file entry_15.cif (mmCIF, C-alpha atoms)
data_input
loop_
_atom_site.label_atom_id
_atom_site.label_comp_id
_atom_site.auth_asym_id
_atom_site.auth_seq_id
_atom_site.Cartn_x
_atom_site.Cartn_y
_atom_site.Cartn_z
CA MET A 1 0.00 0.00 0.00
CA ILE A 2 1.39 3.39 -1.03
CA ASN A 3 0.52 6.39 1.10
CA ILE A 4 -0.21 9.42 -1.07
CA ALA A 5 -0.01 13.09 -0.13
CA VAL A 6 -1.97 15.39 -2.43
CA PHE A 7 -0.99 19.07 -2.60
CA ILE A 8 -3.69 21.58 -3.54
CA SER A 9 -4.11 25.34 -3.68
CA GLY A 10 -7.70 25.61 -4.90
CA ARG A 11 -10.80 23.56 -5.62
CA GLY A 12 -8.88 20.29 -5.86
CA SER A 13 -10.85 18.67 -8.68
CA ASN A 14 -7.96 16.37 -9.60
CA PHE A 15 -7.56 15.42 -5.94
CA ILE A 16 -11.27 14.59 -5.74
CA ALA A 17 -11.09 12.51 -8.93
CA LEU A 18 -8.12 10.57 -7.54
CA HIS A 19 -9.85 9.89 -4.24
CA GLU A 20 -13.06 8.79 -5.92
CA ASN A 21 -11.13 6.38 -8.14
CA ILE A 22 -9.34 4.95 -5.12
CA LYS A 23 -12.70 4.38 -3.44
CA LYS A 24 -14.04 2.68 -6.59
CA GLY A 25 -10.99 0.42 -6.82
CA VAL A 26 -9.85 1.94 -10.12
CA ILE A 27 -6.61 2.84 -8.35
CA LYS A 28 -5.36 -0.06 -6.25
CA ASN A 29 -2.61 -0.40 -3.66
CA ALA A 30 -2.92 3.22 -2.56
CA GLU A 31 -4.68 5.58 -0.21
CA ILE A 32 -4.61 9.34 0.20
CA SER A 33 -3.14 9.70 3.68
CA VAL A 34 -3.02 13.48 3.84
CA VAL A 35 -3.96 16.58 1.88
CA PHE A 36 -1.60 19.54 2.07
CA SER A 37 -2.42 23.11 1.13
CA ASN A 38 -0.61 26.41 1.20
CA LYS A 39 -3.96 28.21 1.39
CA GLU A 40 -6.38 28.04 4.29
CA ASP A 41 -9.37 28.72 2.04
CA ALA A 42 -8.61 26.11 -0.63
CA LEU A 43 -12.01 24.64 -1.51
CA GLY A 44 -10.64 21.12 -1.85
CA LEU A 45 -9.99 21.06 1.89
CA ASP A 46 -13.73 20.95 2.53
CA TYR A 47 -14.00 17.70 0.57
CA ALA A 48 -10.97 16.24 2.37
CA ARG A 49 -12.50 16.96 5.76
CA LYS A 50 -15.85 15.47 4.74
CA GLU A 51 -14.00 12.32 3.69
CA ASN A 52 -12.06 12.26 6.98
CA ILE A 53 -8.72 12.67 5.23
CA PRO A 54 -6.11 14.39 7.43
CA VAL A 55 -5.35 17.95 6.36
CA ILE A 56 -2.19 20.02 6.77
CA VAL A 57 -2.36 23.74 6.04
CA ILE A 58 0.74 25.94 6.18
CA PRO A 59 -0.03 29.37 4.73
CA SER A 60 2.76 30.23 2.31
CA LYS A 61 2.10 33.94 2.71
CA ASP A 62 3.70 33.68 6.16
CA TYR A 63 7.05 32.53 4.74
CA LYS A 64 9.30 34.58 2.48
CA ASP A 65 11.97 31.87 2.22
CA ARG A 66 10.74 29.06 -0.07
CA HIS A 67 13.46 26.68 1.15
CA GLU A 68 12.48 27.18 4.78
CA TYR A 69 8.85 26.63 3.78
CA ASP A 70 9.53 23.35 1.96
CA ASN A 71 11.67 22.11 4.86
CA LEU A 72 8.65 22.65 7.07
CA ILE A 73 6.52 20.64 4.64
CA VAL A 74 9.01 17.75 4.72
CA LYS A 75 8.86 17.69 8.53
CA SER A 76 5.05 17.82 8.53
CA LEU A 77 4.79 14.85 6.15
CA LYS A 78 7.13 12.52 8.05
CA PRO A 79 4.45 10.96 10.29
CA TYR A 80 2.48 9.83 7.23
CA ASN A 81 5.17 7.64 5.62
CA ILE A 82 4.45 9.11 2.19
CA GLY A 83 5.46 7.11 -0.87
CA LEU A 84 4.04 9.45 -3.52
CA ILE A 85 3.23 13.16 -3.68
CA CYS A 86 0.66 14.31 -6.23
CA LEU A 87 0.64 18.01 -7.02
CA ALA A 88 -2.95 18.80 -8.02
CA GLY A 89 -3.37 22.47 -8.74
CA TYR A 90 -0.62 23.32 -6.24
CA MET A 91 0.41 26.79 -7.30
CA ARG A 92 3.96 26.87 -5.99
CA ILE A 93 7.29 25.79 -7.46
CA VAL A 94 8.79 23.23 -5.11
CA THR A 95 12.42 23.53 -4.05
CA ASP A 96 15.29 21.06 -3.78
CA GLU A 97 14.44 20.49 -0.12
CA LEU A 98 11.20 18.75 -1.04
CA ILE A 99 12.46 17.18 -4.26
CA SER A 100 15.50 15.56 -2.61
CA ALA A 101 13.41 14.27 0.32
CA TYR A 102 11.03 12.59 -2.14
CA GLU A 103 13.26 11.89 -5.13
CA ASN A 104 11.28 10.52 -8.09
CA LYS A 105 8.22 10.37 -5.85
CA ILE A 106 6.61 13.69 -6.79
CA ILE A 107 4.35 13.98 -9.83
CA ASN A 108 2.37 16.84 -11.32
CA ILE A 109 -0.32 17.32 -13.94
CA HIS A 110 -0.02 20.21 -16.37
CA PRO A 111 -2.77 21.40 -18.78
CA ALA A 112 -0.67 21.28 -21.95
CA LEU A 113 1.37 18.85 -24.01
CA LEU A 114 4.80 19.47 -22.53
CA PRO A 115 7.32 20.73 -23.39
CA SER A 116 4.94 23.23 -25.01
CA PHE A 117 3.30 25.97 -22.93
CA LYS A 118 4.98 25.62 -19.58
CA GLY A 119 4.02 27.64 -16.56
CA LEU A 120 0.81 29.51 -15.84
CA ASN A 121 -2.14 29.99 -18.20
CA ALA A 122 -1.14 27.12 -20.47
CA GLN A 123 -4.60 26.90 -22.02
CA LYS A 124 -4.55 30.61 -22.86
CA GLN A 125 -1.09 30.19 -24.36
CA ALA A 126 -2.35 27.35 -26.56
CA VAL A 127 -5.35 29.32 -27.84
CA GLU A 128 -3.29 32.44 -28.54
CA TYR A 129 -0.58 30.46 -30.31
CA GLY A 130 -3.15 28.88 -32.58
CA VAL A 131 -2.22 25.23 -32.08
CA LYS A 132 -4.62 22.59 -33.38
CA PHE A 133 -4.05 20.19 -30.49
CA SER A 134 -3.31 20.65 -26.81
CA GLY A 135 -4.00 18.40 -23.83
CA CYS A 136 -2.45 17.47 -20.51
CA THR A 137 0.74 15.90 -19.24
CA VAL A 138 1.49 13.92 -16.10
CA HIS A 139 5.18 14.20 -15.29
CA PHE A 140 7.74 13.67 -12.58
CA VAL A 141 8.79 16.84 -10.79
CA ASP A 142 12.39 18.01 -10.97
CA GLY A 143 14.06 21.33 -10.22
CA GLY A 144 12.80 23.05 -13.36
CA MET A 145 9.50 24.57 -14.46
CA ASP A 146 7.31 21.74 -15.77
CA SER A 147 10.48 20.04 -17.00
CA GLY A 148 10.39 16.56 -15.45
CA ALA A 149 10.16 13.26 -17.30
CA VAL A 150 6.80 12.64 -18.96
CA ILE A 151 4.73 9.72 -17.64
CA LEU A 152 1.75 10.05 -19.98
CA GLN A 153 -0.19 12.57 -22.04
CA LYS A 154 -3.74 13.03 -23.31
CA VAL A 155 -4.49 14.96 -26.50
CA VAL A 156 -7.37 17.43 -26.86
CA GLU A 157 -8.32 19.05 -30.15
CA VAL A 158 -8.38 22.85 -30.18
CA TYR A 159 -11.38 24.26 -32.03
CA ASP A 160 -11.37 27.48 -34.06
CA ASP A 161 -13.84 29.14 -31.69
CA ASP A 162 -12.19 27.94 -28.47
CA THR A 163 -11.57 30.33 -25.62
CA GLU A 164 -9.28 29.75 -22.68
CA GLU A 165 -12.35 28.70 -20.68
CA THR A 166 -13.81 26.21 -23.17
CA LEU A 167 -10.45 24.59 -23.84
CA SER A 168 -9.70 24.42 -20.11
CA GLU A 169 -12.98 22.62 -19.48
CA ARG A 170 -12.24 19.89 -22.06
CA ILE A 171 -8.65 19.49 -20.94
CA LEU A 172 -9.75 19.16 -17.29
CA LYS A 173 -11.91 16.14 -18.17
CA GLN A 174 -8.82 14.46 -19.61
CA GLU A 175 -6.73 15.51 -16.60
CA HIS A 176 -9.05 13.53 -14.32
CA ILE A 177 -8.54 10.45 -16.47
CA ALA A 178 -4.80 10.89 -17.02
CA TYR A 179 -3.86 11.50 -13.39
CA SER A 180 -5.65 8.38 -12.19
CA GLU A 181 -4.04 6.32 -14.95
CA ALA A 182 -0.59 7.60 -14.02
CA VAL A 183 -1.07 6.98 -10.30
CA SER A 184 -2.34 3.47 -11.05
CA LEU A 185 0.77 2.73 -13.11
CA ILE A 186 2.98 3.89 -10.25
CA THR A 187 1.12 2.07 -7.48
CA ASP A 188 1.03 -1.10 -9.58
CA GLY A 189 4.82 -0.90 -10.04
CA LYS A 190 4.63 -0.53 -13.81
CA ILE A 191 6.74 2.62 -14.18
CA GLU A 192 10.46 2.50 -14.87
CA LEU A 193 12.37 5.80 -14.95
CA SER A 194 15.76 6.06 -16.65
CA GLY A 195 17.02 9.60 -17.07
CA ARG A 196 14.26 11.42 -18.95
CA LYS A 197 12.68 8.27 -20.31
CA VAL A 198 9.68 6.66 -18.65
CA THR A 199 8.98 3.09 -19.65
CA ILE A 200 5.61 1.53 -18.89
CA ARG A 201 5.86 -2.19 -18.20
CA LYS A 202 3.00 -4.42 -19.35
#
call {"tool": "encode", "arguments": {"input": "entry_15.cif", "output": "structure tokens"}}
result
Amino acid sequence: MINIAVFISGRGSNFIALHENIKKGVIKNAEISVVFSNKEDALGLDYARKENIPVIVIPSKDYKDRHEYDNLIVKSLKPYNIGLICLAGYMRIVTDELISAYENKIINIHPALLPSFKGLNAQKQAVEYGVKFSGCTVHFVDGGMDSGAVILQKVVEVYDDDTEETLSERILKQEHIAYSEAVSLITDGKIELSGRKVTIRK
């Protein structure tokens, strides 16, 4: 059984999708042991509390030093024996303190086909650039901005009349599918990471 920590900063829709798929047995060999947020008013915390999932909130606005902040996160997670961290709408760049403590055990989902459109407002970037396809990417987290090894991707067609909002809505549906698939692959021991290459074992 792998203990998962999910990090959120907002509504936590990917967190909720993961938890629901664990409850349904779609994701096996795992449980969400704790939900962490840097924001006290993150809406996803309400769901976590209703589901009796432990919650840790450390307001990031109280800490100017990101390294000190991530060291505090590492200490707060220790009692939970975490084997996988899922960033799910967590709006902070993590530092080496967290990455080294959980090497190759932190994953993120990004609403674009990396390496295109890194960073914030990826859907808006895609619409403004005029691409015909976008999507989402689940990737390991390293020290860069959305630069870790790709685990899997889902493709979404971009329509001529798409706005940032309409494209975001369609991509989000695929995010919910992709993140659960990626977590399942990890908890089932089917992921092999070598440098930047992720191999999925049958």
call {"tool": "closest_residue", "arguments": {"input": "entry_15.cif", "among": "A:Val35, A:Ile99, A:Ala182, A:Ala126", "to": "A:Tyr80", "atoms": "only C-alpha atoms"}}
result
A:Val35
call {"tool": "closest_residue", "arguments": {"input": "entry_15.cif", "among": "A:Glu31, A:Glu164, A:Glu97, A:Glu68", "to": "A:Val183", "atoms": "all atoms listed in the file"}}
result
A:Glu31
call {"tool": "closest_atom_pairs", "arguments": {"input": "entry_15.cif", "of": "stretch 138-182 of chain A", "to": "stretch 18-24 of chain A", "cutoff": "10 Å", "atoms": "all atoms listed in the file", "output": "JSON lines"}}
result
{"residue": "A:His176", "atom": "CA", "partner": "A:Leu18", "partner_atom": "CA", "distance": 7.5}
{"residue": "A:Ile177", "atom": "CA", "partner": "A:Leu18", "partner_atom": "CA", "distance": 8.9}
{"residue": "A:Tyr179", "atom": "CA", "partner": "A:Leu18", "partner_atom": "CA", "distance": 7.3}
{"residue": "A:Ser180", "atom": "CA", "partner": "A:Leu18", "partner_atom": "CA", "distance": 5.7}
{"residue": "A:Glu181", "atom": "CA", "partner": "A:Leu18", "partner_atom": "CA", "distance": 9.5}
call {"tool": "residues_around", "arguments": {"input": "entry_15.cif", "residues": "A:Ile200", "least_positions_apart": "4", "cutoff": "12 Å", "atoms": "only C-alpha atoms", "output": "mmCIF file with C-alpha atoms, in the coordinates of the input"}}
result
data_model
loop_
_atom_site.group_PDB
_atom_site.id
_atom_site.type_symbol
_atom_site.label_atom_id
_atom_site.label_comp_id
_atom_site.auth_asym_id
_atom_site.auth_seq_id
_atom_site.Cartn_x
_atom_site.Cartn_y
_atom_site.Cartn_z
ATOM 1 C CA VAL A 150 6.800 12.640 -18.960
ATOM 2 C CA ILE A 151 4.730 9.720 -17.640
ATOM 3 C CA LEU A 152 1.750 10.050 -19.980
ATOM 4 C CA GLU A 181 -4.040 6.320 -14.950
ATOM 5 C CA ALA A 182 -0.590 7.600 -14.020
ATOM 6 C CA SER A 184 -2.340 3.470 -11.050
ATOM 7 C CA LEU A 185 0.770 2.730 -13.110
ATOM 8 C CA ILE A 186 2.980 3.890 -10.250
ATOM 9 C CA ASP A 188 1.030 -1.100 -9.580
ATOM 10 C CA GLY A 189 4.820 -0.900 -10.040
ATOM 11 C CA LYS A 190 4.630 -0.530 -13.810
ATOM 12 C CA ILE A 191 6.740 2.620 -14.180
ATOM 13 C CA GLU A 192 10.460 2.500 -14.870
ATOM 14 C CA LEU A 193 12.370 5.800 -14.950
ATOM 15 C CA SER A 194 15.760 6.060 -16.650
#
call {"tool": "closest_residue", "arguments": {"input": "entry_15.cif", "among": "A:Glu40, A:Asp146, A:Asp46, A:Glu165", "to": "A:Asp62", "atoms": "all atoms listed in the file"}}
result
A:Glu40
call {"tool": "atom_distance", "arguments": {"input": "entry_15.cif", "atom1": "atom CA of A:Val34", "atom2": "atom CA of A:Arg170"}}
result
28.2 Å
call {"tool": "residues_around", "arguments": {"input": "entry_15.cif", "residues": "stretch 110-112 of chain A", "least_positions_apart": "3", "cutoff": "7 Å", "atoms": "only C-alpha atoms", "output": "list in words"}}
result
Ser116, Phe117, Ala122, Gln123, Ser134, Gly135, Cys136, Thr137, Val138 and Ile171 of chain A
call {"tool": "build_atoms", "arguments": {"input": "entry_15.cif", "residues": "stretch 65-83 of chain A", "atoms": "N, CA and C atoms", "output": "PDB file, in the frame of the given file"}}
result
ATOM      1  N   ASP A  65      10.926  32.790   2.684  1.00  0.00           N
ATOM      2  CA  ASP A  65      11.970  31.870   2.220  1.00  0.00           C
ATOM      3  C   ASP A  65      11.320  30.558   1.770  1.00  0.00           C
ATOM      4  N   ARG A  66      11.376  30.270   0.466  1.00  0.00           N
ATOM      5  CA  ARG A  66      10.740  29.060  -0.070  1.00  0.00           C
ATOM      6  C   ARG A  66      11.423  27.799   0.435  1.00  0.00           C
ATOM      7  N   HIS A  67      12.724  27.864   0.678  1.00  0.00           N
ATOM      8  CA  HIS A  67      13.460  26.680   1.150  1.00  0.00           C
ATOM      9  C   HIS A  67      13.063  26.347   2.590  1.00  0.00           C
ATOM     10  N   GLU A  68      12.938  27.384   3.398  1.00  0.00           N
ATOM     11  CA  GLU A  68      12.480  27.180   4.780  1.00  0.00           C
ATOM     12  C   GLU A  68      11.061  26.596   4.766  1.00  0.00           C
ATOM     13  N   TYR A  69      10.239  27.098   3.870  1.00  0.00           N
ATOM     14  CA  TYR A  69       8.850  26.630   3.780  1.00  0.00           C
ATOM     15  C   TYR A  69       8.799  25.152   3.401  1.00  0.00           C
ATOM     16  N   ASP A  70       9.562  24.750   2.397  1.00  0.00           N
ATOM     17  CA  ASP A  70       9.530  23.350   1.960  1.00  0.00           C
ATOM     18  C   ASP A  70      10.151  22.423   2.999  1.00  0.00           C
ATOM     19  N   ASN A  71      11.137  22.910   3.752  1.00  0.00           N
ATOM     20  CA  ASN A  71      11.670  22.110   4.860  1.00  0.00           C
ATOM     21  C   ASN A  71      10.595  21.834   5.894  1.00  0.00           C
ATOM     22  N   LEU A  72       9.760  22.820   6.130  1.00  0.00           N
ATOM     23  CA  LEU A  72       8.650  22.650   7.070  1.00  0.00           C
ATOM     24  C   LEU A  72       7.648  21.624   6.550  1.00  0.00           C
ATOM     25  N   ILE A  73       7.415  21.639   5.242  1.00  0.00           N
ATOM     26  CA  ILE A  73       6.520  20.640   4.640  1.00  0.00           C
ATOM     27  C   ILE A  73       7.085  19.232   4.837  1.00  0.00           C
ATOM     28  N   VAL A  74       8.368  19.073   4.569  1.00  0.00           N
ATOM     29  CA  VAL A  74       9.010  17.750   4.720  1.00  0.00           C
ATOM     30  C   VAL A  74       8.814  17.237   6.147  1.00  0.00           C
ATOM     31  N   LYS A  75       9.023  18.092   7.126  1.00  0.00           N
ATOM     32  CA  LYS A  75       8.860  17.690   8.530  1.00  0.00           C
ATOM     33  C   LYS A  75       7.402  17.318   8.821  1.00  0.00           C
ATOM     34  N   SER A  76       6.470  18.069   8.248  1.00  0.00           N
ATOM     35  CA  SER A  76       5.050  17.820   8.530  1.00  0.00           C
ATOM     36  C   SER A  76       4.558  16.520   7.907  1.00  0.00           C
ATOM     37  N   LEU A  77       5.211  16.076   6.833  1.00  0.00           N
ATOM     38  CA  LEU A  77       4.790  14.850   6.150  1.00  0.00           C
ATOM     39  C   LEU A  77       5.363  13.579   6.769  1.00  0.00           C
ATOM     40  N   LYS A  78       6.420  13.708   7.531  1.00  0.00           N
ATOM     41  CA  LYS A  78       7.130  12.520   8.050  1.00  0.00           C
ATOM     42  C   LYS A  78       6.221  11.517   8.755  1.00  0.00           C
ATOM     43  N   PRO A  79       5.280  11.942   9.579  1.00  0.00           N
ATOM     44  CA  PRO A  79       4.450  10.960  10.290  1.00  0.00           C
ATOM     45  C   PRO A  79       3.566  10.109   9.377  1.00  0.00           C
ATOM     46  N   TYR A  80       3.422  10.515   8.126  1.00  0.00           N
ATOM     47  CA  TYR A  80       2.480   9.830   7.230  1.00  0.00           C
ATOM     48  C   TYR A  80       3.133   8.789   6.318  1.00  0.00           C
ATOM     49  N   ASN A  81       4.456   8.660   6.409  1.00  0.00           N
ATOM     50  CA  ASN A  81       5.170   7.640   5.620  1.00  0.00           C
ATOM     51  C   ASN A  81       4.755   7.704   4.142  1.00  0.00           C
ATOM     52  N   ILE A  82       4.925   8.859   3.551  1.00  0.00           N
ATOM     53  CA  ILE A  82       4.450   9.110   2.190  1.00  0.00           C
ATOM     54  C   ILE A  82       5.360   8.468   1.140  1.00  0.00           C
ATOM     55  N   GLY A  83       4.725   7.741   0.218  1.00  0.00           N
ATOM     56  CA  GLY A  83       5.460   7.110  -0.870  1.00  0.00           C
ATOM     57  C   GLY A  83       5.275   7.808  -2.206  1.00  0.00           C
TER      58      GLY A  83
END
